[in-house]
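structure.txt follows; it contains compact mmCIF, C-alpha atoms.
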# COMPACT_ATOMS: atom_id res chain seq x y z
CA MET L 1 -10.01 -17.13 10.20
CA SER L 2 -11.78 -15.42 13.12
CA PRO L 3 -15.47 -16.12 13.78
CA ILE L 4 -17.86 -13.79 11.98
CA ALA L 5 -19.16 -11.17 14.41
CA ASP L 6 -21.41 -9.14 12.15
CA VAL L 7 -22.62 -8.98 8.56
CA ALA L 8 -24.04 -5.82 7.01
CA GLU L 9 -25.27 -5.05 3.51
CA VAL L 10 -23.99 -1.81 1.96
CA SER L 11 -25.49 0.01 -1.00
CA VAL L 12 -26.60 3.40 -2.28
CA THR L 13 -29.07 4.05 -5.05
CA ARG L 14 -27.14 6.44 -7.30
CA PRO L 15 -23.38 6.35 -8.04
CA PRO L 16 -21.55 9.72 -7.89
CA LEU L 17 -19.72 9.13 -11.19
CA THR L 18 -20.55 7.70 -14.64
CA ALA L 19 -18.70 5.74 -17.30
CA ASP L 20 -19.48 8.50 -19.83
CA GLU L 21 -17.54 10.97 -17.68
CA ILE L 22 -14.63 8.55 -17.62
CA ASP L 23 -14.71 8.14 -21.41
CA ALA L 24 -14.65 11.93 -21.72
CA ALA L 25 -11.66 12.05 -19.37
CA ALA L 26 -9.86 9.47 -21.51
CA LYS L 27 -10.15 11.75 -24.56
CA ARG L 28 -9.16 14.78 -22.51
CA ILE L 29 -5.89 13.31 -21.22
CA SER L 30 -4.90 11.40 -24.37
CA ASP L 31 -2.70 14.22 -25.65
CA ILE L 32 -0.36 13.96 -22.65
CA ILE L 33 -0.73 10.44 -21.21
CA GLU L 34 0.07 7.36 -23.27
CA PRO L 35 -1.64 4.04 -22.47
CA THR L 36 0.36 1.90 -20.05
CA PRO L 37 1.15 -1.75 -20.89
CA LEU L 38 -1.07 -4.66 -19.84
CA GLN L 39 1.58 -7.28 -19.16
CA PHE L 40 0.90 -11.03 -18.85
CA SER L 41 2.60 -12.53 -15.77
CA PRO L 42 3.72 -16.15 -16.24
CA ARG L 43 4.82 -16.43 -12.58
CA LEU L 44 1.59 -15.19 -11.02
CA SER L 45 -0.47 -17.13 -13.54
CA ALA L 46 1.34 -20.34 -12.61
CA SER L 47 0.96 -19.74 -8.86
CA THR L 48 -2.79 -19.00 -9.07
CA GLY L 49 -3.91 -21.14 -11.99
CA ALA L 50 -5.47 -18.04 -13.54
CA GLN L 51 -4.44 -15.82 -16.44
CA VAL L 52 -2.94 -12.87 -14.56
CA TYR L 53 -2.19 -9.55 -16.24
CA LEU L 54 -0.38 -6.62 -14.62
CA LYS L 55 -1.56 -3.12 -15.50
CA ARG L 56 1.74 -1.25 -15.38
CA GLU L 57 0.87 2.21 -14.04
CA ASP L 58 4.40 2.37 -12.67
CA LEU L 59 5.47 3.12 -16.27
CA THR L 60 3.72 6.49 -16.61
CA ALA L 61 5.76 9.67 -16.85
CA VAL L 62 5.41 10.14 -13.07
CA ARG L 63 5.62 6.40 -12.25
CA SER L 64 2.04 6.17 -10.96
CA TYR L 65 -1.56 6.50 -12.15
CA LYS L 66 -2.00 9.80 -10.28
CA LEU L 67 -1.19 11.92 -13.34
CA ARG L 68 -4.48 10.81 -14.90
CA GLY L 69 -6.69 12.39 -12.26
CA ALA L 70 -4.57 15.48 -11.67
CA TYR L 71 -4.36 16.37 -15.34
CA ASN L 72 -8.05 15.63 -16.02
CA LEU L 73 -9.01 18.07 -13.27
CA MET L 74 -6.53 20.81 -14.08
CA VAL L 75 -7.17 20.86 -17.84
CA GLN L 76 -10.80 21.75 -17.04
CA LEU L 77 -9.93 24.81 -14.93
CA THR L 78 -11.03 28.22 -16.17
CA ALA L 79 -8.53 30.89 -17.12
CA THR L 80 -9.28 32.68 -13.84
CA GLU L 81 -8.67 29.54 -11.80
CA ARG L 82 -5.40 28.86 -13.60
CA ALA L 83 -4.23 32.40 -12.93
CA ALA L 84 -4.96 31.98 -9.21
CA GLY L 85 -2.78 28.87 -9.10
CA VAL L 86 -3.44 25.46 -7.58
CA VAL L 87 -2.79 23.76 -4.27
CA ALA L 88 -2.53 20.04 -3.57
CA ALA L 89 -1.83 17.69 -0.67
CA SER L 90 -0.27 14.32 -1.28
CA ALA L 91 1.83 11.52 0.17
CA GLY L 92 3.97 11.87 -2.96
CA ASN L 93 2.45 10.35 -6.11
CA HIS L 94 -0.48 12.73 -6.58
CA ALA L 95 1.99 15.55 -5.97
CA GLN L 96 4.09 14.38 -8.90
CA GLY L 97 1.02 14.28 -11.13
CA VAL L 98 0.06 17.82 -10.11
CA ALA L 99 3.64 19.02 -10.55
CA PHE L 100 3.83 17.49 -14.05
CA ALA L 101 0.52 19.11 -15.00
CA CYS L 102 1.61 22.48 -13.58
CA ARG L 103 4.71 22.61 -15.75
CA ALA L 104 2.89 21.23 -18.82
CA MET L 105 0.14 23.85 -18.49
CA GLY L 106 2.24 26.72 -17.13
CA VAL L 107 0.23 26.90 -13.89
CA ARG L 108 1.76 27.85 -10.53
CA GLY L 109 1.21 25.37 -7.72
CA ARG L 110 1.97 24.79 -4.03
CA ILE L 111 2.16 21.18 -2.95
CA TYR L 112 1.96 20.00 0.66
CA VAL L 113 3.42 16.62 1.63
CA PRO L 114 3.94 14.91 5.01
CA THR L 115 7.42 15.09 6.49
CA THR L 116 7.48 11.28 6.20
CA THR L 117 7.30 11.41 2.38
CA PRO L 118 10.41 9.59 1.07
CA LYS L 119 13.19 11.79 -0.29
CA GLN L 120 12.92 10.06 -3.68
CA LYS L 121 9.34 11.28 -4.08
CA ARG L 122 10.19 14.82 -2.96
CA ASP L 123 13.04 15.01 -5.45
CA ARG L 124 10.79 13.78 -8.27
CA ILE L 125 8.12 16.37 -7.40
CA ARG L 126 10.71 19.11 -7.83
CA VAL L 127 11.95 17.63 -11.10
CA HIS L 128 8.46 17.38 -12.60
CA GLY L 129 7.29 20.78 -11.41
CA GLY L 130 10.45 22.80 -11.92
CA GLU L 131 10.00 26.52 -11.35
CA PHE L 132 6.21 26.25 -11.35
CA VAL L 133 5.91 24.33 -8.07
CA GLU L 134 6.69 25.11 -4.43
CA LEU L 135 7.05 22.02 -2.21
CA ILE L 136 6.07 22.32 1.46
CA ALA L 137 6.53 19.48 3.99
CA VAL L 138 4.26 19.60 7.04
CA GLY L 139 2.98 17.09 9.60
CA GLU L 140 3.61 13.35 9.74
CA THR L 141 0.55 12.11 7.80
CA TYR L 142 -1.32 12.87 4.59
CA ASP L 143 -4.20 14.23 6.65
CA ALA L 144 -1.95 16.85 8.29
CA ALA L 145 -0.71 17.94 4.86
CA ALA L 146 -4.30 18.07 3.60
CA ALA L 147 -5.30 20.35 6.48
CA ALA L 148 -2.42 22.71 5.68
CA ALA L 149 -3.42 22.73 1.99
CA ALA L 150 -7.03 23.55 2.89
CA ASP L 151 -5.84 26.49 4.99
CA ASP L 152 -3.78 27.71 2.03
CA VAL L 153 -6.81 27.61 -0.28
CA ALA L 154 -8.96 29.49 2.24
CA ARG L 155 -6.25 32.12 2.64
CA THR L 156 -5.17 32.64 -0.97
CA GLY L 157 -8.15 31.68 -3.14
CA ALA L 158 -6.12 29.13 -5.09
CA THR L 159 -7.85 26.05 -6.51
CA MET L 160 -7.53 22.74 -4.67
CA VAL L 161 -6.61 19.67 -6.73
CA PRO L 162 -7.85 16.78 -4.55
CA PRO L 163 -6.00 13.43 -4.86
CA PHE L 164 -9.18 11.34 -4.70
CA ASP L 165 -12.28 13.11 -3.40
CA ASP L 166 -13.39 14.85 -6.59
CA PRO L 167 -15.33 13.47 -9.59
CA ARG L 168 -12.78 14.91 -12.03
CA THR L 169 -9.90 13.20 -10.23
CA ALA L 170 -11.76 9.89 -9.94
CA ALA L 171 -12.82 10.05 -13.60
CA GLY L 172 -9.21 10.49 -14.67
CA GLN L 173 -8.15 7.51 -12.59
CA GLY L 174 -11.03 5.48 -14.00
CA THR L 175 -9.47 5.74 -17.46
CA ILE L 176 -7.26 2.83 -16.38
CA ALA L 177 -10.30 0.55 -16.75
CA ALA L 178 -11.16 1.91 -20.20
CA GLU L 179 -7.59 1.13 -21.27
CA PHE L 180 -7.31 -2.42 -20.01
CA LEU L 181 -10.72 -3.40 -21.37
CA GLU L 182 -9.59 -2.27 -24.81
CA GLN L 183 -6.17 -3.91 -24.44
CA LEU L 184 -7.61 -7.21 -23.21
CA GLY L 185 -10.35 -7.24 -25.82
CA THR L 186 -12.81 -8.80 -23.37
CA ALA L 187 -14.05 -8.29 -19.82
CA PRO L 188 -11.81 -9.92 -17.18
CA ASP L 189 -13.30 -12.08 -14.43
CA LEU L 190 -11.61 -10.14 -11.63
CA VAL L 191 -9.85 -6.80 -11.22
CA ILE L 192 -7.71 -6.16 -8.12
CA VAL L 193 -7.21 -2.50 -7.17
CA PRO L 194 -5.19 -0.93 -4.33
CA VAL L 195 -7.12 1.46 -2.09
CA GLY L 196 -5.74 4.50 -0.30
CA GLY L 197 -8.07 7.48 -0.56
CA GLY L 198 -10.34 5.47 -2.84
CA GLY L 199 -10.39 7.56 -6.03
CA CYS L 200 -8.88 4.82 -8.18
CA LEU L 201 -11.35 2.25 -6.82
CA ALA L 202 -14.23 4.66 -7.46
CA GLY L 203 -13.19 5.33 -11.06
CA ILE L 204 -12.34 1.76 -12.04
CA GLY L 205 -15.33 0.29 -10.22
CA THR L 206 -17.75 2.75 -11.79
CA TYR L 207 -16.49 1.98 -15.28
CA LEU L 208 -16.66 -1.77 -14.75
CA ARG L 209 -20.17 -1.62 -13.32
CA GLU L 210 -21.43 0.03 -16.53
CA ARG L 211 -19.15 -1.41 -19.20
CA ALA L 212 -18.31 -4.87 -17.76
CA PRO L 213 -20.93 -5.59 -15.08
CA ARG L 214 -20.01 -9.28 -14.72
CA THR L 215 -16.43 -8.47 -13.69
CA GLY L 216 -15.62 -8.97 -10.01
CA LEU L 217 -13.83 -6.18 -8.15
CA LEU L 218 -11.47 -6.61 -5.20
CA GLY L 219 -10.20 -3.55 -3.33
CA VAL L 220 -7.06 -4.00 -1.20
CA GLU L 221 -5.98 -1.82 1.72
CA PRO L 222 -2.93 -1.98 3.99
CA ALA L 223 -3.95 -3.50 7.32
CA GLY L 224 -2.54 -0.45 9.10
CA ALA L 225 -4.77 2.01 7.22
CA ALA L 226 -8.05 0.30 6.31
CA SER L 227 -10.16 3.46 6.02
CA MET L 228 -12.47 2.24 3.22
CA THR L 229 -13.44 -0.92 5.07
CA ALA L 230 -14.03 1.11 8.24
CA ALA L 231 -16.33 3.42 6.26
CA LEU L 232 -18.30 0.51 4.76
CA VAL L 233 -18.77 -1.00 8.22
CA ALA L 234 -19.87 2.36 9.69
CA ARG L 235 -21.99 3.18 6.59
CA GLY L 236 -20.08 6.42 6.12
CA PRO L 237 -16.51 7.81 6.21
CA VAL L 238 -14.86 7.71 9.63
CA THR L 239 -11.49 8.96 10.83
CA LEU L 240 -9.17 6.18 11.98
CA PRO L 241 -7.54 6.96 15.36
CA GLU L 242 -4.10 5.92 14.08
CA ILE L 243 -2.50 4.46 10.97
CA ASP L 244 0.76 2.78 9.99
CA PRO L 245 2.43 5.22 7.55
CA PHE L 246 4.71 2.58 5.99
CA VAL L 247 2.54 2.15 2.88
CA ASP L 248 2.76 5.90 2.36
CA GLY L 249 0.88 5.95 -0.94
CA ALA L 250 -2.19 4.37 0.69
CA ALA L 251 -1.95 5.51 4.32
CA VAL L 252 -5.09 7.65 4.66
CA ARG L 253 -6.96 8.13 7.95
CA ARG L 254 -10.30 8.98 6.33
CA ILE L 255 -11.66 7.78 3.02
CA GLY L 256 -13.12 10.40 0.68
CA ASP L 257 -16.87 11.00 0.57
CA LEU L 258 -17.11 10.39 -3.20
CA PRO L 259 -15.04 7.17 -3.11
CA TYR L 260 -17.18 5.88 -0.24
CA GLN L 261 -20.40 6.62 -2.11
CA ALA L 262 -19.04 4.90 -5.22
CA ALA L 263 -17.90 1.82 -3.29
CA ALA L 264 -21.22 1.59 -1.47
CA SER L 265 -23.03 1.75 -4.82
CA PHE L 266 -21.13 -1.36 -5.98
CA GLY L 267 -23.01 -3.48 -3.42
CA GLY L 268 -21.21 -6.16 -1.49
CA ARG L 269 -21.08 -7.66 1.95
CA VAL L 270 -19.09 -6.43 4.95
CA VAL L 271 -17.89 -9.23 7.20
CA SER L 272 -16.75 -7.94 10.59
CA HIS L 273 -14.33 -10.12 12.53
CA ALA L 274 -13.39 -9.99 16.20
CA SER L 275 -10.93 -7.09 16.07
CA LEU L 276 -10.83 -5.95 12.45
CA PRO L 277 -13.69 -5.58 9.97
CA LEU L 278 -13.01 -7.33 6.71
CA LEU L 279 -14.87 -7.62 3.47
CA VAL L 280 -13.38 -10.96 2.46
CA THR L 281 -14.47 -14.57 2.88
CA ASN L 282 -13.27 -18.03 1.92
CA GLU L 283 -15.40 -17.76 -1.21
CA SER L 284 -13.81 -17.00 -4.56
CA PRO L 285 -13.97 -13.22 -5.16
CA THR L 286 -14.68 -13.75 -8.84
CA GLY L 287 -18.44 -14.10 -8.55
CA THR L 288 -20.56 -12.26 -11.09
CA GLY L 289 -20.18 -8.54 -10.48
CA SER L 290 -19.01 -9.13 -6.89
CA PHE L 291 -17.32 -6.41 -4.87
CA ARG L 292 -15.05 -7.22 -1.96
CA MET L 293 -12.55 -5.40 0.23
CA MET L 294 -9.64 -6.94 2.09
CA GLN L 295 -6.63 -5.86 4.12
CA ILE L 296 -3.05 -6.99 3.60
CA ASP L 297 -0.35 -7.04 6.26
CA GLU L 298 2.53 -4.66 5.57
CA GLY L 299 4.99 -7.58 5.71
CA ALA L 300 3.10 -9.38 2.95
CA ILE L 301 3.25 -6.22 0.86
CA CYS L 302 7.03 -6.13 1.31
CA THR L 303 7.26 -9.76 0.21
CA ALA L 304 5.27 -8.93 -2.92
CA MET L 305 7.57 -5.96 -3.63
CA LEU L 306 10.65 -8.18 -3.44
CA ASP L 307 9.03 -10.88 -5.59
CA LEU L 308 8.14 -8.33 -8.28
CA TYR L 309 11.69 -7.00 -8.29
CA GLN L 310 13.46 -10.36 -8.25
CA ASN L 311 11.21 -12.09 -10.78
CA GLU L 312 9.77 -9.44 -13.13
CA GLY L 313 12.30 -6.67 -12.57
CA ILE L 314 9.48 -4.34 -11.48
CA ILE L 315 10.35 -1.67 -8.93
CA ALA L 316 7.10 -1.21 -7.03
CA GLU L 317 6.58 1.03 -4.06
CA PRO L 318 4.59 -0.41 -1.10
CA ALA L 319 1.24 0.90 -2.39
CA GLY L 320 2.18 -0.28 -5.87
CA ALA L 321 2.50 -3.88 -4.66
CA LEU L 322 -0.73 -3.89 -2.63
CA ALA L 323 -2.89 -5.50 -5.29
CA THR L 324 -0.24 -8.07 -6.21
CA ALA L 325 0.14 -9.07 -2.55
CA ALA L 326 -3.56 -9.94 -2.45
CA LEU L 327 -3.05 -12.77 -4.94
CA ALA L 328 -1.32 -14.81 -2.22
CA GLU L 329 -4.25 -14.33 0.16
CA VAL L 330 -7.36 -15.02 -1.95
CA ASP L 331 -8.75 -18.01 -3.82
CA VAL L 332 -8.75 -17.12 -7.51
CA GLU L 333 -10.83 -19.35 -9.74
CA PRO L 334 -8.55 -21.47 -11.96
CA GLY L 335 -8.72 -20.48 -15.60
CA SER L 336 -10.19 -17.06 -14.84
CA THR L 337 -8.73 -13.83 -16.21
CA VAL L 338 -7.40 -11.44 -13.59
CA VAL L 339 -6.13 -7.88 -14.00
CA VAL L 340 -3.91 -6.60 -11.18
CA LEU L 341 -3.03 -2.92 -10.88
CA VAL L 342 0.64 -2.11 -10.22
CA SER L 343 -0.19 1.41 -9.16
CA GLY L 344 3.18 3.02 -8.59
CA GLY L 345 6.95 2.60 -8.75
CA ASN L 346 8.25 5.54 -6.73
CA ASN L 347 10.25 3.56 -4.19
CA ASP L 348 13.27 4.99 -2.40
CA VAL L 349 16.18 2.53 -2.58
CA SER L 350 17.16 3.48 0.97
CA ARG L 351 13.97 1.78 2.21
CA TYR L 352 14.95 -1.68 1.01
CA GLY L 353 16.60 -2.59 4.32
CA GLU L 354 13.27 -2.12 6.12
CA ILE L 355 11.39 -3.82 3.29
CA ILE L 356 13.56 -6.94 3.55
CA GLU L 357 13.22 -6.92 7.34
CA ARG L 358 9.42 -6.72 7.26
CA SER L 359 9.26 -9.45 4.65
CA LEU L 360 11.43 -11.82 6.69
CA VAL L 361 9.31 -11.25 9.79
CA HIS L 362 6.10 -11.80 7.82
CA ARG L 363 7.41 -15.05 6.34
CA GLY L 364 8.43 -16.32 9.79
CA LEU L 365 12.14 -16.26 9.01
CA LYS L 366 13.22 -13.45 11.34
CA HIS L 367 12.71 -13.49 15.12
CA TYR L 368 13.93 -11.37 18.02
CA PHE L 369 14.76 -12.45 21.55
CA LEU L 370 15.80 -10.75 24.78
CA VAL L 371 18.58 -12.97 26.12
CA ASP L 372 20.15 -12.72 29.59
CA PHE L 373 23.81 -13.63 29.08
CA PRO L 374 25.97 -14.26 32.14
CA GLN L 375 28.85 -11.80 32.20
CA GLU L 376 31.48 -14.50 31.92
CA PRO L 377 33.75 -15.84 29.20
CA GLY L 378 32.19 -18.31 26.79
CA ALA L 379 28.51 -17.35 27.37
CA LEU L 380 27.95 -16.29 23.80
CA ARG L 381 29.81 -19.33 22.47
CA ARG L 382 27.55 -21.66 24.49
CA PHE L 383 24.50 -19.88 23.06
CA LEU L 384 25.80 -20.35 19.53
CA ASP L 385 26.63 -24.02 20.10
CA ASP L 386 23.57 -25.04 22.13
CA VAL L 387 20.79 -22.92 20.67
CA LEU L 388 21.49 -21.98 17.07
CA GLY L 389 20.66 -24.52 14.38
CA PRO L 390 22.99 -25.28 11.44
CA ASP L 391 21.06 -22.98 9.07
CA ASP L 392 20.32 -20.20 11.58
CA ASP L 393 22.17 -16.92 11.66
CA ILE L 394 22.46 -14.07 14.16
CA THR L 395 21.70 -10.82 12.33
CA MET L 396 21.61 -8.54 15.36
CA PHE L 397 23.33 -8.57 18.75
CA GLU L 398 23.07 -5.53 20.97
CA TYR L 399 23.26 -5.16 24.76
CA VAL L 400 20.30 -3.18 26.03
CA LYS L 401 21.27 -2.95 29.72
CA ARG L 402 24.81 -2.56 31.04
CA ASN L 403 24.39 -1.78 34.74
CA ASN L 404 23.92 -5.36 36.02
CA ARG L 405 27.15 -7.10 36.99
CA GLU L 406 25.67 -10.61 37.03
CA THR L 407 23.81 -10.72 33.71
CA GLY L 408 23.52 -8.58 30.60
CA ALA L 409 20.30 -8.41 28.61
CA ALA L 410 20.93 -8.49 24.86
CA LEU L 411 18.61 -8.04 21.92
CA VAL L 412 19.34 -10.91 19.53
CA GLY L 413 17.91 -11.14 16.03
CA ILE L 414 17.94 -14.63 14.50
CA GLU L 415 17.25 -15.44 10.86
CA LEU L 416 16.15 -19.01 10.23
CA GLY L 417 17.00 -21.15 7.25
CA ALA L 418 13.36 -22.22 6.96
CA THR L 419 10.08 -21.25 8.61
CA ASP L 420 9.64 -24.76 10.07
CA ASP L 421 12.90 -24.38 12.02
CA LEU L 422 11.26 -22.14 14.63
CA ALA L 423 9.81 -24.97 16.73
CA SER L 424 13.20 -26.66 17.18
CA LEU L 425 14.86 -23.30 17.94
CA LEU L 426 12.32 -22.57 20.69
CA HIS L 427 12.82 -26.09 22.08
CA ARG L 428 16.60 -25.63 22.28
CA ILE L 429 16.14 -22.27 23.99
CA GLU L 430 13.83 -23.86 26.55
CA GLU L 431 16.40 -26.60 27.26
CA SER L 432 19.25 -24.10 27.56
CA PRO L 433 20.24 -22.67 30.98
CA ILE L 434 20.37 -19.21 29.37
CA GLN L 435 17.15 -17.23 29.88
CA ALA L 436 15.57 -15.90 26.68
CA GLU L 437 12.25 -14.19 25.93
CA ARG L 438 10.81 -14.11 22.42
CA LEU L 439 9.49 -10.70 21.33
CA GLU L 440 6.14 -10.99 19.59
CA PRO L 441 5.75 -8.79 16.47
CA GLY L 442 3.40 -5.91 17.17
CA SER L 443 3.95 -5.91 20.93
CA PRO L 444 5.11 -2.67 22.63
CA ALA L 445 8.48 -4.23 23.50
CA TYR L 446 8.98 -5.38 19.91
CA ARG L 447 8.19 -1.94 18.48
CA TYR L 448 10.41 -0.19 21.03
CA LEU L 449 13.43 -2.46 20.80
CA THR L 450 13.49 -3.33 17.09
Would you mind writing the file out in structure tokens?
Amino acid sequence: MSPIADVAEVSVTRPPLTADEIDAAAKRISDIIEPTPLQFSPRLSASTGAQVYLKREDLTAVRSYKLRGAYNLMVQLTATERAAGVVAASAGNHAQGVAFACRAMGVRGRIYVPTTTPKQKRDRIRVHGGEFVELIAVGETYDAAAAAAADDVARTGATMVPPFDDPRTAAGQGTIAAEFLEQLGTAPDLVIVPVGGGGCLAGIGTYLRERAPRTGLLGVEPAGAASMTAALVARGPVTLPEIDPFVDGAAVRRIGDLPYQAAASFGGRVVSHASLPLLVTNESPTGTGSFRMMQIDEGAICTAMLDLYQNEGIIAEPAGALATAALAEVDVEPGSTVVVLVSGGNNDVSRYGEIIERSLVHRGLKHYFLVDFPQEPGALRRFLDDVLGPDDDITMFEYVKRNNRETGAALVGIELGATDDLASLLHRIEESPIQAERLEPGSPAYRYLT
């Protein structure tokens, strides 16, 4: 772990949301949203020593918790507002919640999504909304879609349905906490929540602070889009200069004002490391009423997705596996009770190739090299015989330069049989007369060539 560079206390005096508002939202949405299961996980319990329960929001009608907030907001609209129609921006899941609510309530809606939104999510938006919804793809990020939606509202007078930065949306999402407290029958020691725009964290955290104040809360962001942590460090929402859009359901450049105010009201301690601010330490996050934030590498998220699928048969999207991925990174107190939110299951099957790739790289099983092969017979055979180990496999071989008559640079992807095999592979490459350069993940050459 990097040396601590700065520590700052964060707090505000008055939260922007109350547990009573969340209880009212629970009654309001009960006619259309059934409680989702709270499922005990033998595998995760065994690996952590805790009693781990999965809150299965992937089993809602729209395969994510987003229907809760969208419906809670829209059911409170006046007749005039309903007649004017609604507008929403979303990376995909909130859009499905809005689309479902539009058809259920007979309200016309226009939904803006980034062009990077997976086809599976776009198709589901159309299915849920039917004739009541128009889907518009614009820009490469959620923030670009949000700007287009704001322009639409200003131009047409329609009502915006925010995905996270509205007390009605956050209250609807907070109903998750009311449900699992009733299902569990007692207050858990720790609740782990994924964080994108922050509405779910705001709702769940607010409810726990009032109804189960001794429960610890851990918010988890993708490392490539840690907008909540950046806001807590800066003591206010900031716009990240760039984000990794892979975890599309949680890739937000700027956290919402209301979610930030709610998170700041939870208290907590921001620990800023050399290059990335974190709100996580070696301490157990299950301290009385503690609030922590942490970031998870996208490769670790992919590993958690595959583990959920292979072991529990759960199809989780990247954002849906965020909270589960955190269990491998934090010290959970043995014997404690932990609730982990599986927030969404809208994953496009065509993405699994990239998911497997990112997982292998994260686990240290997949490596890429630029190899200069002499243009002569037997060069590749010598590489296979002299360099590759008995359990290693070449998964990619592609010449990247063809205009040199003496040597030919090739991009070679090697999958190891075990993580510990890397040292011996590098030693054999060093002893070989063939020149090879290892590409470091995250480097410009790695991103360009792979």
Quiz item: Between CA of Ala225 in chain L and CA of Asp244 in chain L, what is the spacing in Å?
Solution: 6.2 Å
Quiz item: Neighbours of Ala445 in chain L within 12 Å (all atoms listed in the file; same-chain residues fewer than 5 positions away dropped), as an MDAnalysis selection string?
Solution: chainID L and resid 368:370 411 437:440 450
Exercise. Excluding Ile176 in chain L and any residue of its chain fewer than 6 positions from it, enumerate the residues within 12 Å of it, using only C-alpha atoms, and give them as a PyMOL selection string.
Key: chain L and resi 19+22-23+25-26+29-30+33-38+54-57+60+64-69+170+182-183+191+193+199-208+339-343
Quiz item: What is the distance, in Å and to one decimal place, between CA of Asp189 in chain L and CA of Thr337 in chain L?
Solution: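 These atoms are spaced 5.2 Å apart.
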Exercise. Would you list the contacts of Pro162 in chain L as an MDAnalysis selection string, taking every protein, DNA or RNA residue within 8 Å and counting all atoms listed in the file, but skipping same-chain residues closer than 2 positions in sequence?
Key: chainID L and resid 70 88:89 160 164:166 169
For the selection just defined, write its residues with C-alpha atoms to a file, as a short mmCIF file (atom, residue, chain, number, x, y, z; two decimals), in the frame of the given file.
data_model
loop_
_atom_site.label_atom_id
_atom_site.label_comp_id
_atom_site.auth_asym_id
_atom_site.auth_seq_id
_atom_site.Cartn_x
_atom_site.Cartn_y
_atom_site.Cartn_z
CA ALA L 70 -4.57 15.48 -11.67
CA ALA L 88 -2.53 20.04 -3.57
CA ALA L 89 -1.83 17.69 -0.67
CA MET L 160 -7.53 22.74 -4.67
CA PHE L 164 -9.18 11.34 -4.70
CA ASP L 165 -12.28 13.11 -3.40
CA ASP L 166 -13.39 14.85 -6.59
CA THR L 169 -9.90 13.20 -10.23
#
Quiz prompt | Counting only C-alpha atoms, the residue of L:Thr80, L:Ser41, L:Ser424, L:Thr239 that sits nearest Gly389 in chain L | solution = L:Ser424
Quiz item: Pick the closest to Asp143 in chain L from L:Val87, L:Ile243, L:Leu184, L:Met105: which is it, counting only C-alpha atoms?
Solution: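 Going through L:Val87, L:Ile243, L:Leu184, L:Met105 one by one, the smallest distance to Asp143 in chain L is for L:Ile243.
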Exercise. Excluding Val75 in chain L and residues on its chain fewer than 3 positions from it, collect all residues at most 8 Å away from it, counting all atoms listed in the file, and give them as number ranges by chain.
Key: L: 28, 71-72, 105
Self-check item: Spatial neighbours of range 305-311 of chain L, max dist 8 Å, all atoms listed in the file, sep filter under 5 positions, as a PyMOL selection string
Solution: chain L and resi 43+316-318+321+356
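Closest approach to Glu131 in chain L from the set L:Ala147, L:Ala99, L:Ile314, L:Val161 is made by L:Ala99, with distances taken over only C-alpha atoms.
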Exercise. Could you tell me which of L:Gly353, L:Gly197, L:Gly224, L:Pro444 comes closest to Glu298 in chain L if we count all atoms listed in the file?
Key: L:Gly224
Please, what is the axis-aligned box for every listed atom of range 182-185 of chain L with 4 Å on each side, as centre and edge lengths in Å to one decimal, as AutoDock Vina command-line options?
--center_x -8.3 --center_y -4.8 --center_z -24.5 --size_x 12.2 --size_y 13.0 --size_z 10.6
Student task, range 52-78 of chain L output with C-alpha atoms as a JSON list (two decimals), in the first residue's frame:
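Contents of the output file result.json:
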[["chain", "number", "residue", "atom", "x", "y", "z"],
["L", 52, "VAL", "CA", -22.34, -13.03, 3.48],
["L", 53, "TYR", "CA", -25.73, -12.31, 1.92],
["L", 54, "LEU", "CA", -26.32, -11.13, -1.64],
["L", 55, "LYS", "CA", -29.13, -8.63, -2.22],
["L", 56, "ARG", "CA", -30.29, -9.73, -5.67],
["L", 57, "GLU", "CA", -31.34, -6.52, -7.42],
["L", 58, "ASP", "CA", -30.48, -8.24, -10.69],
["L", 59, "LEU", "CA", -33.80, -10.09, -10.28],
["L", 60, "THR", "CA", -36.09, -7.05, -10.61],
["L", 61, "ALA", "CA", -38.30, -6.67, -13.67],
["L", 62, "VAL", "CA", -35.60, -4.52, -15.32],
["L", 63, "ARG", "CA", -32.66, -6.51, -13.87],
["L", 64, "SER", "CA", -31.39, -3.65, -11.70],
["L", 65, "TYR", "CA", -32.41, -1.51, -8.72],
["L", 66, "LYS", "CA", -32.96, 1.53, -10.95],
["L", 67, "LEU", "CA", -36.70, 0.91, -11.31],
["L", 68, "ARG", "CA", -37.14, 1.83, -7.64],
["L", 69, "GLY", "CA", -35.96, 5.41, -8.02],
["L", 70, "ALA", "CA", -37.47, 6.03, -11.43],
["L", 71, "TYR", "CA", -40.92, 4.83, -10.44],
["L", 72, "ASN", "CA", -40.88, 6.61, -7.07],
["L", 73, "LEU", "CA", -40.18, 9.90, -8.84],
["L", 74, "MET", "CA", -42.59, 9.47, -11.73],
["L", 75, "VAL", "CA", -45.56, 8.31, -9.64],
["L", 76, "GLN", "CA", -45.36, 11.65, -7.81],
["L", 77, "LEU", "CA", -45.61, 13.77, -10.97],
["L", 78, "THR", "CA", -48.65, 16.01, -11.41]]
